[in-house]
Each structure stands twice: as structure tokens, then as C-alpha cells.
Amino acid sequence: IVPESDLWKRFTRTLNPAERKRFSKALLKSEANLRSIFDNMDTSYILLDIGLKIVSFNQSAYEGILREKGMELTPGREIIDYTTGERSDNLKKSYDAVLNGQKKGYEVSFLQKDGTLSWYNVKLFPVYIKREITGMIIGIDDITGRKISEEKIAQSDLRFRALVENSHDAITLVD
């Protein structure tokens, strides 16, 4: 129950002051516990309202956006402000689709100052309250390590294939 909700107000009116204080403390503790989990995840999360304004985010999102974009996430700011160039149009389409009830996901890369690529898996989910979409959640996972491993495997496979195809020896695989 959210402290500002009508249900909370009706519920707390039935309590004596001591019970109200105890329930308020329990609610605050529960919120602190959820916030602790939220802030200590590796996945970056950004909560947006229906107008695509930032409502909340975790520490991972704050640090990631600061690192990749050189910008601080700020509640109340539109998420599209953190995107430039041709990606803006594609993101707007994705955001519209999510606000119409779809889930979206994609992989994106960013060129670092040192010339390396960082890769991210981005997922967009609508947020519902009483079957009405009230915003969306953006979840972002760093998949750079996985992408580097995939590239190394692909290069190794190509080398092995070239070696086998260009060899004059007979090669047999036995199980």
C-alpha cells in the first residue's frame, strides 16, 4: 500500500496512533529494503512516466549513463535528451510501441574513447497500474564480455575452418 493512496488513508484511519506509527515504520523499512535491492543490482534500471520523463533510477543506471554519455540522470528530465543522432528516431518508435503495451528489446554498442566497443542489451517494459499503462521501465545489461567471447569464438572457428579446408592431410573425426 502506498502511503499517499486512498487505500492507505482509509486503512490508517482505522488505526490508533501507535498502530499507525508501527505500520508507517514497517512500510518505510520495506521501501528501504526494496531500494537496497534495486540500487545494488548490476542491471541498470530507469523508470519513466507516460511522458517519458525520468521518475527514478538505480545507481548502476546513474553510473552507466554518466560513463557512456557524460551526463547525469536527472528526475523530471526526458529520457530522449540522453540520445543523439539517428538513434533518437528509432528510440521514439520503440517508446511509442511500449506505451501501447508492447515489450521491446535490442542490443546497442557505443564506441569508447580508447577505440573499443561497449555492448548493451536493452529491454523496455510497460508499467501497468490497474491495467492502465502509466510509464515504462528500461533495463540495461552490459554484454561487452559476452560479445568479445562470441567474436573470439567466431575468429577461432574461421581459423580452424581455413586450416582444415586448406590442409592436404586426411582428417577424420571419431566419436
# chains A, B, ... in the order shown; residues from 1 in each chain; ligands from 1
call {"tool": "closest_atom_pairs", "arguments": {"of": "range 8-51 of chain A", "to": "range 70-86 of chain A", "cutoff": "10 Å", "atoms": "only C-alpha atoms", "output": "CSV"}}
result
residue,atom,partner,partner_atom,distance
A:Ile46,CA,A:Ile79,CA,9.1
A:Leu47,CA,A:Pro75,CA,9.5
A:Leu48,CA,A:Ile79,CA,7.8
A:Asp49,CA,A:Gly76,CA,9.1
A:Gly51,CA,A:Glu78,CA,7.8
call {"tool": "residues_around", "arguments": {"residues": "range 148-151 of chain A", "least_positions_apart": "5", "cutoff": "12 Å", "atoms": "only C-alpha atoms", "output": "ChimeraX atom specification"}}
result
/A:116-119,142-143,156-158
call {"tool": "write_last_selection", "arguments": {"atoms": "N, CA, C and O atoms", "output": "JSON list (two decimals), in the first residue's frame"}}
result
[["chain", "number", "residue", "atom", "x", "y", "z"],
["A", 116, "THR", "N", 37.59, 0.96, -28.28],
["A", 116, "THR", "CA", 36.88, -0.29, -28.07],
["A", 116, "THR", "C", 35.37, -0.06, -28.09],
["A", 116, "THR", "O", 34.91, 1.07, -27.92],
["A", 117, "LEU", "N", 34.64, -1.15, -28.28],
["A", 117, "LEU", "CA", 33.18, -1.07, -28.27],
["A", 117, "LEU", "C", 32.65, -1.61, -26.95],
["A", 117, "LEU", "O", 33.14, -2.61, -26.44],
["A", 118, "SER", "N", 31.64, -0.94, -26.42],
["A", 118, "SER", "CA", 30.89, -1.45, -25.28],
["A", 118, "SER", "C", 29.52, -1.85, -25.82],
["A", 118, "SER", "O", 28.92, -1.10, -26.59],
["A", 119, "TRP", "N", 29.05, -3.02, -25.40],
["A", 119, "TRP", "CA", 27.77, -3.54, -25.87],
["A", 119, "TRP", "C", 26.78, -3.64, -24.73],
["A", 119, "TRP", "O", 27.14, -4.02, -23.61],
["A", 142, "ASP", "N", 25.12, -4.79, -19.38],
["A", 142, "ASP", "CA", 26.38, -4.72, -20.11],
["A", 142, "ASP", "C", 26.71, -6.12, -20.60],
["A", 142, "ASP", "O", 26.88, -7.04, -19.81],
["A", 143, "ILE", "N", 26.77, -6.29, -21.91],
["A", 143, "ILE", "CA", 27.06, -7.61, -22.50],
["A", 143, "ILE", "C", 28.37, -7.58, -23.28],
["A", 143, "ILE", "O", 28.63, -8.44, -24.13],
["A", 156, "SER", "N", 38.21, -17.99, -34.01],
["A", 156, "SER", "CA", 38.82, -19.30, -33.84],
["A", 156, "SER", "C", 38.21, -20.30, -34.81],
["A", 156, "SER", "O", 38.92, -21.12, -35.42],
["A", 157, "ASP", "N", 36.89, -20.25, -34.97],
["A", 157, "ASP", "CA", 36.20, -21.14, -35.89],
["A", 157, "ASP", "C", 36.68, -20.90, -37.33],
["A", 157, "ASP", "O", 36.91, -21.85, -38.09],
["A", 158, "LEU", "N", 36.82, -19.62, -37.70],
["A", 158, "LEU", "CA", 37.30, -19.31, -39.05],
["A", 158, "LEU", "C", 38.72, -19.82, -39.27],
["A", 158, "LEU", "O", 39.03, -20.36, -40.34]]
call {"tool": "select_by_dssp", "arguments": {"residues": "range 10-169 of chain A", "states": "helix (DSSP H, G or I)", "output": "PyMOL selection string"}}
result
chain A and resi 10-13+17-39+59-69+79-82+87-99+144-165
call {"tool": "select_by_dssp", "arguments": {"residues": "chain A", "states": "strand (DSSP E)", "output": "PyMOL selection string"}}
result
chain A and resi 44-49+54-57+104-111+117-129+132-142
call {"tool": "atom_distance", "arguments": {"atom1": "CA of Gln102 in chain A", "atom2": "CA of Ile137 in chain A"}}
result
12.0 Å
call {"tool": "residues_around", "arguments": {"residues": "Gly139 in chain A", "least_positions_apart": "4", "cutoff": "12 Å", "atoms": "only C-alpha atoms", "output": "list of chain:residue names"}}
result
A:Phe38, A:Met41, A:Asp42, A:Thr43, A:Ser44, A:Tyr45, A:Ile46, A:Leu47, A:Leu48, A:Phe57, A:Asn58, A:Ser60, A:Ala61, A:Gly64, A:Lys103, A:Lys104, A:Gly105, A:Tyr106, A:Glu107, A:Tyr120, A:Asn121, A:Val122, A:Lys123, A:Leu124, A:Phe125, A:Pro126
call {"tool": "atom_distance", "arguments": {"atom1": "CA of Lys21 in chain A", "atom2": "CA of Ile37 in chain A"}}
result
24.5 Å
call {"tool": "atom_distance", "arguments": {"atom1": "CA of Arg13 in chain A", "atom2": "CA of Glu31 in chain A"}}
result
21.2 Å
call {"tool": "closest_residue", "arguments": {"among": "A:Val174, A:Leu111, A:Leu163, A:Ile129", "to": "Ile50 in chain A", "atoms": "only C-alpha atoms"}}
result
A:Ile129
call {"tool": "closest_residue", "arguments": {"among": "A:Lys113, A:Leu27, A:Lys69, A:Tyr128", "to": "Val98 in chain A", "atoms": "only C-alpha atoms"}}
result
A:Tyr128
